[in-house]
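Chemist: Would you mind keeping the following structure in view while I ask a few things?
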Amino acid sequence: NAPVVIVGAGQAAAQAVTSLKAEGYAGNIVLIGDEPYLPYQRPPLSKAYLGDEMTEDRLELKAPKFYADSGVDLRLGTRVTRLLPAEKAVELVDGSRLAYGALLIATGTRARTLPVPGAELAGVFSIRSIDDVKHFRAAAVPGAKLVIIGGGYIGLEVAAKAKKLGLDVTVVEGQPRLLARVACATISDFARTLHEGNGVTILTGMGVARLIGPERVTGVELADGRVLPADLVLSAVGAVPNAELASEAGLVLENGIRVDEATRTSAPDIYAAGDVASFPSRLYGRRVRLESVQNAIDQAKAAARAITGGDVAYDPVPWFWSDQYDVKLQIAGLLDGYERTETEGDVAAGRFCVRYFAGERLLAVCSVNDPKSHMLARKALAIPPPVPAPG
Ligand code: FAD
């Protein structure tokens, strides 16, 4: 019998192996990842691991013994270069082919390239992998001038740790406020005060014209012509799904690989889960693609169930967290389309939550050092919205 082949050895892949076993799958599993590491957790890459508070082995999602005991054929440091749905096979970088009974695409996302001249200069980093952190850390010596382009979660988490490592940190954000895509003004203002209070310079509503070289970056030229001296630059301007394998094989894409509520792609026996897949959310009435641990785990569970023939309707309450200094930010739900917010707690004391509503419907809750409101929100949001009365 042809094995279940998993392409990409990250968060979703590790969970899929665990869940396939839990679902009673007794066949072979081949796990193929292009990084040289066992599946590992990425959140610490911009948090404890970056701050040197966590060793590399603690990033591993499962110990090596787990894969050996589960009989998984691990192919690390190996890239899949082609999917061949008509032959039910994948092609590896060495040209060899591997047949599958079922294929799970769990290739995640990669850092978006900064769309300005000079983005390719030495000293310009992004943080997506263990190796990225190793390269960044080698350049992040105390006193160095770091310019972070992008004031989203990853940019701000790195700002907090870089400050702790003794760097001189400036965050440049093109939107008028930090976290503009993912939070309301109350949270953005709180984040700004938090970072400025810790000595980070924040420039919002400011574009970047180019990075100055010639070989190694020496500065960032802003849209207004000013130049910020820089010893290193972090590009933190979002991620793009690794969906090329799927598109070249003729699978339907729609903001990543299009899957149904059972993680099935448009091709028979091919499933996708994690950052790379967009799925129909009945809870939010639209198709969504999430970049979160919650989604990678829960969607991989759904994929394992679907592969083993079980019924599944994946429709989660999305949730996410971010750690910056001693602040834990937790978000439940999706807030796009919100019309008003309600804040409860003490913003100045750094312990509060913001609820986002469309009409009377609660869409999302952002909690700051308030885990209880986060847990309550996850429960409240799991209740589907009432069907509107006819007429
Ligand atoms: P990944 O874990 O990215 O794994 C995909 C793997 O597939 C990668 O190893 C990739 O190299 C490999 N691959 C790609 N193409 C191929 C190919 N052709 N052949 C072989 N292998 C291939 N989420 C949260 O919920 N909370 C957080 O605080 C948080 N912080 C984060 C901080 C950082 C710095 C980053 C980068 C992410 C963070 N995330 C966080 C997001 C979370 O880590 C991701 O949502 C999660 O890892 C997605 O899992 P995945 O399995 O879909 O992809």
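Residues in the structure tokens are named by chain (A, B, ... in the order shown) and by number from 1 within that chain; ligands are numbered from 1 in the order shown.
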I need the strand (DSSP E) residues of range 195-377 of chain A per DSSP on the backbone, written as an MDAnalysis selection string.

Modeler: chainID A and resid 201:203 208:212 219:222 227:229 232:235 239:241 257:258 270:272 277:281 286:288 319:324 327:333 340:346 351:358 361:368

Chemist: Step by step, measure atom-to-atom distances between ligand 1 and each residue using only C-alpha atoms and all ligand atoms, keep those at most 6 Å, then write them as number ranges by chain.

Modeler: A: 7-13, 32-35, 42-43, 45-46, 78-81, 106-109, 127-128, 154, 242, 274-276, 291-294, 296, 320-322

Chemist: Given the selection you just returned, output its residues as a file containing C-alpha atoms, formatted as a PDB file, in the first residue's frame.

Modeler:
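File out.pdb, as written:
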ATOM      1  CA  VAL A   7       5.298  17.559   2.227  1.00  0.00           C
ATOM      2  CA  GLY A   8       6.721  20.137   4.631  1.00  0.00           C
ATOM      3  CA  ALA A   9       7.912  19.154   8.110  1.00  0.00           C
ATOM      4  CA  GLY A  10       6.525  21.909  10.333  1.00  0.00           C
ATOM      5  CA  GLN A  11       3.782  22.396  12.893  1.00  0.00           C
ATOM      6  CA  ALA A  12       0.947  20.919  10.811  1.00  0.00           C
ATOM      7  CA  ALA A  13       3.064  17.972   9.676  1.00  0.00           C
ATOM      8  CA  ILE A  32       9.607  15.289   3.724  1.00  0.00           C
ATOM      9  CA  GLY A  33      10.993  18.638   4.843  1.00  0.00           C
ATOM     10  CA  ASP A  34      13.491  20.944   3.171  1.00  0.00           C
ATOM     11  CA  GLU A  35      14.938  22.227   6.457  1.00  0.00           C
ATOM     12  CA  ARG A  42       8.208  28.800  15.235  1.00  0.00           C
ATOM     13  CA  PRO A  43       6.655  31.168  17.801  1.00  0.00           C
ATOM     14  CA  LEU A  45      11.895  32.266  17.008  1.00  0.00           C
ATOM     15  CA  SER A  46      10.808  35.854  17.625  1.00  0.00           C
ATOM     16  CA  THR A  78      14.981  17.217   1.096  1.00  0.00           C
ATOM     17  CA  ARG A  79      12.889  19.400  -1.140  1.00  0.00           C
ATOM     18  CA  VAL A  80       9.842  18.255  -3.066  1.00  0.00           C
ATOM     19  CA  THR A  81      10.105  19.847  -6.499  1.00  0.00           C
ATOM     20  CA  ALA A 106       1.878  21.339   4.710  1.00  0.00           C
ATOM     21  CA  THR A 107       4.435  23.670   3.170  1.00  0.00           C
ATOM     22  CA  GLY A 108       3.547  26.755   5.243  1.00  0.00           C
ATOM     23  CA  THR A 109       4.539  30.257   4.260  1.00  0.00           C
ATOM     24  CA  ILE A 127      12.791  35.591  10.686  1.00  0.00           C
ATOM     25  CA  ARG A 128      10.938  32.476   9.657  1.00  0.00           C
ATOM     26  CA  ILE A 154       6.797  39.603  14.422  1.00  0.00           C
ATOM     27  CA  ASN A 242       4.310  28.207  -0.373  1.00  0.00           C
ATOM     28  CA  GLY A 274      -1.738  24.920   7.996  1.00  0.00           C
ATOM     29  CA  ASP A 275      -0.570  28.330   6.776  1.00  0.00           C
ATOM     30  CA  VAL A 276      -0.700  27.269   3.114  1.00  0.00           C
ATOM     31  CA  GLU A 291      -1.170  31.806  10.017  1.00  0.00           C
ATOM     32  CA  SER A 292      -1.326  30.426  13.541  1.00  0.00           C
ATOM     33  CA  VAL A 293      -0.376  27.446  15.650  1.00  0.00           C
ATOM     34  CA  GLN A 294      -4.045  26.880  16.465  1.00  0.00           C
ATOM     35  CA  ALA A 296      -1.888  24.320  11.946  1.00  0.00           C
ATOM     36  CA  PHE A 320      -3.349  33.648  18.420  1.00  0.00           C
ATOM     37  CA  TRP A 321      -0.954  35.152  20.927  1.00  0.00           C
ATOM     38  CA  SER A 322       2.010  37.505  20.991  1.00  0.00           C
TER      39      SER A 322
END

Chemist: Using only C-alpha atoms, which residue out of A:Val312, A:Ala102, A:Ile29, A:Ala332 lies closest to Lys88 in chain A?

Modeler: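 Among A:Val312, A:Ala102, A:Ile29, A:Ala332, it is A:Ala102 that comes nearest to Lys88 in chain A.
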
Chemist: Between CA of Leu329 in chain A and CA of His374 in chain A, what is the spacing in Å?

Modeler: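 Answer for the CA of His374 in chain A to CA of Leu329 in chain A separation: 9.3 Å.
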
Chemist: Near range 352-361 of chain A, within 7 Å and counting only C-alpha atoms, which residues show up once chain neighbours fewer than 3 positions away are dropped, as number ranges by chain?

Modeler: A: 335, 337-347, 364-370, 373

Chemist: With N, CA and C atoms retained, export the selected residues as a PDB file, in the first residue's frame.

Modeler:
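To be explicit, this is the file written out as result-v3.pdb:
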ATOM      1  N   LEU A 335     -11.317  39.953  13.468  1.00  0.00           N
ATOM      2  CA  LEU A 335     -11.978  41.229  13.759  1.00  0.00           C
ATOM      3  C   LEU A 335     -12.318  42.036  12.516  1.00  0.00           C
ATOM      4  N   GLY A 337     -14.142  43.721   9.586  1.00  0.00           N
ATOM      5  CA  GLY A 337     -15.571  44.028   9.442  1.00  0.00           C
ATOM      6  C   GLY A 337     -16.199  44.524  10.737  1.00  0.00           C
ATOM      7  N   TYR A 338     -15.398  44.757  11.781  1.00  0.00           N
ATOM      8  CA  TYR A 338     -16.008  45.224  13.031  1.00  0.00           C
ATOM      9  C   TYR A 338     -16.468  46.675  12.899  1.00  0.00           C
ATOM     10  N   GLU A 339     -17.536  46.998  13.627  1.00  0.00           N
ATOM     11  CA  GLU A 339     -18.102  48.349  13.541  1.00  0.00           C
ATOM     12  C   GLU A 339     -17.839  49.165  14.799  1.00  0.00           C
ATOM     13  N   ARG A 340     -17.702  48.466  15.917  1.00  0.00           N
ATOM     14  CA  ARG A 340     -17.438  49.196  17.171  1.00  0.00           C
ATOM     15  C   ARG A 340     -16.691  48.285  18.124  1.00  0.00           C
ATOM     16  N   THR A 341     -16.079  48.917  19.132  1.00  0.00           N
ATOM     17  CA  THR A 341     -15.357  48.130  20.142  1.00  0.00           C
ATOM     18  C   THR A 341     -15.825  48.534  21.540  1.00  0.00           C
ATOM     19  N   GLU A 342     -15.624  47.622  22.481  1.00  0.00           N
ATOM     20  CA  GLU A 342     -15.852  47.922  23.899  1.00  0.00           C
ATOM     21  C   GLU A 342     -14.599  47.515  24.646  1.00  0.00           C
ATOM     22  N   THR A 343     -14.109  48.398  25.496  1.00  0.00           N
ATOM     23  CA  THR A 343     -12.895  48.087  26.264  1.00  0.00           C
ATOM     24  C   THR A 343     -13.271  47.877  27.721  1.00  0.00           C
ATOM     25  N   GLU A 344     -12.713  46.823  28.309  1.00  0.00           N
ATOM     26  CA  GLU A 344     -12.973  46.552  29.724  1.00  0.00           C
ATOM     27  C   GLU A 344     -11.633  46.346  30.424  1.00  0.00           C
ATOM     28  N   GLY A 345     -11.489  46.935  31.605  1.00  0.00           N
ATOM     29  CA  GLY A 345     -10.242  46.776  32.352  1.00  0.00           C
ATOM     30  C   GLY A 345      -9.465  48.085  32.385  1.00  0.00           C
ATOM     31  N   ASP A 346      -8.177  47.980  32.708  1.00  0.00           N
ATOM     32  CA  ASP A 346      -7.365  49.173  32.950  1.00  0.00           C
ATOM     33  C   ASP A 346      -6.231  49.235  31.919  1.00  0.00           C
ATOM     34  N   VAL A 347      -6.449  50.065  30.897  1.00  0.00           N
ATOM     35  CA  VAL A 347      -5.450  50.158  29.813  1.00  0.00           C
ATOM     36  C   VAL A 347      -4.122  50.664  30.364  1.00  0.00           C
ATOM     37  N   ALA A 364     -14.645  39.255  17.779  1.00  0.00           N
ATOM     38  CA  ALA A 364     -13.291  38.943  18.252  1.00  0.00           C
ATOM     39  C   ALA A 364     -13.047  39.637  19.587  1.00  0.00           C
ATOM     40  N   VAL A 365     -12.045  39.133  20.303  1.00  0.00           N
ATOM     41  CA  VAL A 365     -11.642  39.756  21.572  1.00  0.00           C
ATOM     42  C   VAL A 365     -10.112  39.776  21.627  1.00  0.00           C
ATOM     43  N   CYS A 366      -9.537  40.960  21.875  1.00  0.00           N
ATOM     44  CA  CYS A 366      -8.093  41.081  22.118  1.00  0.00           C
ATOM     45  C   CYS A 366      -7.896  41.258  23.611  1.00  0.00           C
ATOM     46  N   SER A 367      -7.093  40.396  24.228  1.00  0.00           N
ATOM     47  CA  SER A 367      -6.870  40.472  25.674  1.00  0.00           C
ATOM     48  C   SER A 367      -5.414  40.823  25.943  1.00  0.00           C
ATOM     49  N   VAL A 368      -5.193  41.742  26.830  1.00  0.00           N
ATOM     50  CA  VAL A 368      -3.835  42.139  27.217  1.00  0.00           C
ATOM     51  C   VAL A 368      -3.623  41.742  28.670  1.00  0.00           C
ATOM     52  N   ASN A 369      -2.716  40.819  28.905  1.00  0.00           N
ATOM     53  CA  ASN A 369      -2.464  40.295  30.265  1.00  0.00           C
ATOM     54  C   ASN A 369      -3.768  39.941  30.974  1.00  0.00           C
ATOM     55  N   ASP A 370      -4.667  39.338  30.237  1.00  0.00           N
ATOM     56  CA  ASP A 370      -5.993  39.023  30.774  1.00  0.00           C
ATOM     57  C   ASP A 370      -6.444  37.664  30.212  1.00  0.00           C
ATOM     58  N   SER A 373     -10.285  36.578  30.155  1.00  0.00           N
ATOM     59  CA  SER A 373     -11.193  37.098  29.111  1.00  0.00           C
ATOM     60  C   SER A 373     -10.939  36.369  27.785  1.00  0.00           C
TER      61      SER A 373
END

Chemist: Using DSSP on the backbone, list every residue of range 116-255 of chain A that comes out as alpha helix (DSSP H), and give them as a ChimeraX atom specification.

Modeler: /A:130-139,153-164,185-197,244-248

Chemist: In Å to one decimal, how far is CA of Tyr100 in chain A from CA of Leu251 in chain A?

Modeler: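 So the two atoms, CA of Leu251 in chain A and CA of Tyr100 in chain A, lie 16.6 Å apart.
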
Chemist: Quick check, in Å to one decimal: how far apart do CA of Asn1 in chain A and CA of Ala249 in chain A lie?

Modeler: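 Between CA of Asn1 in chain A and CA of Ala249 in chain A the gap is 23.2 Å.
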
Chemist: Might you pull out every residue within 9 Å of range 114-122 of chain A, with only C-alpha atoms counted and same-chain residues fewer than 6 positions away left off, and present them as JSON, numbers by chain?

Modeler: {"A": [149, 208, 209, 210, 211, 212, 213, 214, 215, 216, 217, 232, 235, 236, 237]}

Chemist: Based on the selection just made, write C-alpha atoms of those residues as a CSV table (one decimal), in the first residue's frame.

Modeler:
chain,number,residue,atom,x,y,z
A,149,ILE,CA,10.5,47.4,8.7
A,208,VAL,CA,10.7,53.1,2.9
A,209,ALA,CA,12.2,54.3,-0.3
A,210,ARG,CA,15.3,52.0,-0.4
A,211,LEU,CA,18.0,50.3,1.6
A,212,ILE,CA,21.5,51.8,1.2
A,213,GLY,CA,24.5,49.6,0.4
A,214,PRO,CA,26.6,49.0,-1.6
A,215,GLU,CA,27.2,45.4,-0.3
A,216,ARG,CA,26.2,45.4,3.3
A,217,VAL,CA,23.3,47.6,4.4
A,232,LEU,CA,21.2,45.5,10.3
A,235,SER,CA,12.1,42.9,7.1
A,236,ALA,CA,8.9,41.9,8.8
A,237,VAL,CA,6.3,42.7,6.2

Chemist: Need the shell around range 277-283 of chain A: protein/DNA/RNA residues with any atom at most 7 Å away, counting only C-alpha atoms. Skip same-chain ones fewer than 5 positions apart. Format as an NGL selection string?

Modeler: :A and (254-261 or 272 or 288-289 or 315 or 384)

Chemist: For the selection just defined, write its residues with N, CA and C atoms to a file, as an mmCIF file, in the first residue's frame.

Modeler:
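out27.cif written:
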data_model
loop_
_atom_site.group_PDB
_atom_site.id
_atom_site.type_symbol
_atom_site.label_atom_id
_atom_site.label_comp_id
_atom_site.auth_asym_id
_atom_site.auth_seq_id
_atom_site.Cartn_x
_atom_site.Cartn_y
_atom_site.Cartn_z
ATOM 1 N N GLU A 254 -6.740 29.780 -3.986
ATOM 2 C CA GLU A 254 -7.547 30.960 -3.662
ATOM 3 C C GLU A 254 -6.979 31.499 -2.358
ATOM 4 N N ASN A 255 -6.073 32.437 -2.428
ATOM 5 C CA ASN A 255 -5.317 32.884 -1.258
ATOM 6 C C ASN A 255 -4.681 31.662 -0.580
ATOM 7 N N GLY A 256 -3.743 31.053 -1.263
ATOM 8 C CA GLY A 256 -3.177 29.777 -0.812
ATOM 9 C C GLY A 256 -3.899 28.634 -1.508
ATOM 10 N N ILE A 257 -3.713 27.426 -1.006
ATOM 11 C CA ILE A 257 -4.360 26.263 -1.633
ATOM 12 C C ILE A 257 -5.798 26.181 -1.134
ATOM 13 N N ARG A 258 -6.706 26.106 -2.081
ATOM 14 C CA ARG A 258 -8.126 26.059 -1.719
ATOM 15 C C ARG A 258 -8.469 24.652 -1.220
ATOM 16 N N VAL A 259 -8.984 24.583 0.013
ATOM 17 C CA VAL A 259 -9.460 23.284 0.518
ATOM 18 C C VAL A 259 -10.905 23.420 0.978
ATOM 19 N N ASP A 260 -11.572 22.269 1.122
ATOM 20 C CA ASP A 260 -12.938 22.296 1.651
ATOM 21 C C ASP A 260 -12.897 22.106 3.171
ATOM 22 N N GLU A 261 -14.065 21.932 3.787
ATOM 23 C CA GLU A 261 -14.106 21.855 5.257
ATOM 24 C C GLU A 261 -13.447 20.575 5.776
ATOM 25 N N ALA A 272 -4.545 19.588 2.175
ATOM 26 C CA ALA A 272 -3.599 20.644 2.580
ATOM 27 C C ALA A 272 -4.035 21.181 3.932
ATOM 28 N N VAL A 288 -11.115 31.688 4.682
ATOM 29 C CA VAL A 288 -10.011 32.301 5.429
ATOM 30 C C VAL A 288 -8.747 31.445 5.318
ATOM 31 N N ARG A 289 -7.625 32.126 5.402
ATOM 32 C CA ARG A 289 -6.331 31.447 5.528
ATOM 33 C C ARG A 289 -5.688 32.011 6.787
ATOM 34 N N ASP A 315 -14.125 24.058 11.331
ATOM 35 C CA ASP A 315 -14.702 25.409 11.403
ATOM 36 C C ASP A 315 -14.319 26.029 12.755
ATOM 37 N N PRO A 384 -22.305 29.468 17.191
ATOM 38 C CA PRO A 384 -22.577 30.062 15.876
ATOM 39 C C PRO A 384 -23.579 31.211 15.983
#

Chemist: Within 8 Å of Ile202 in chain A, counting only C-alpha atoms, which residues qualify if same-chain residues fewer than 3 places away don't, as a PyMOL selection string?

Modeler: chain A and resi 170-173+192+195-196

Chemist: Identify which of the residues A:Leu83, A:Val4, A:Asp189, A:Val158 lies closest to Asn28 in chain A, counting only C-alpha atoms when measuring atom-to-atom distances.

Modeler: A:Val4

Chemist: Excluding Tyr37 in chain A and its own-chain neighbours fewer than 4 positions away, which residues fall within 12 Å of it when counting only C-alpha atoms? Please give them as a PyMOL selection string.

Modeler: chain A and resi 8-10+31-33+41+56-57+59-64+74-78+129-131

Chemist: May I have a table of the residues of range 83-170 of chain A lying at most 8 Å from range 178-185 of chain A, giving each one's closest pair of atoms and their distance in Å to one decimal, counting only C-alpha atoms, ordered by chain and ascending residue number, as a tab-separated table?

Modeler:
residue	atom	partner	partner_atom	distance
A:Gly151	CA	A:Leu178	CA	5.1
A:Gly152	CA	A:Leu179	CA	4.8
A:Tyr153	CA	A:Leu179	CA	6.9

Chemist: Restricting the calculation to only C-alpha atoms, which member of A:Ala380, A:Ile307, A:Ile105, A:Leu203 is positioned closest to Lys21 in chain A?

Modeler: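 Going through A:Ala380, A:Ile307, A:Ile105, A:Leu203 one by one, the smallest distance to Lys21 in chain A is for A:Ile307.
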
Chemist: Here is a test: counting only C-alpha atoms, which residue of A:Glu248, A:Glu87, A:Glu157, A:Asp94 is nearest to Lys47 in chain A?

Modeler: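 Of all the options, A:Glu157 lies closest to Lys47 in chain A.
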
Chemist: Which one of A:Val141, A:Ile148, A:Leu376, A:Leu84 sits closest to Thr201 in chain A if you count only C-alpha atoms?

Modeler: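 Counting only C-alpha atoms, the residue closest to Thr201 in chain A is A:Ile148.
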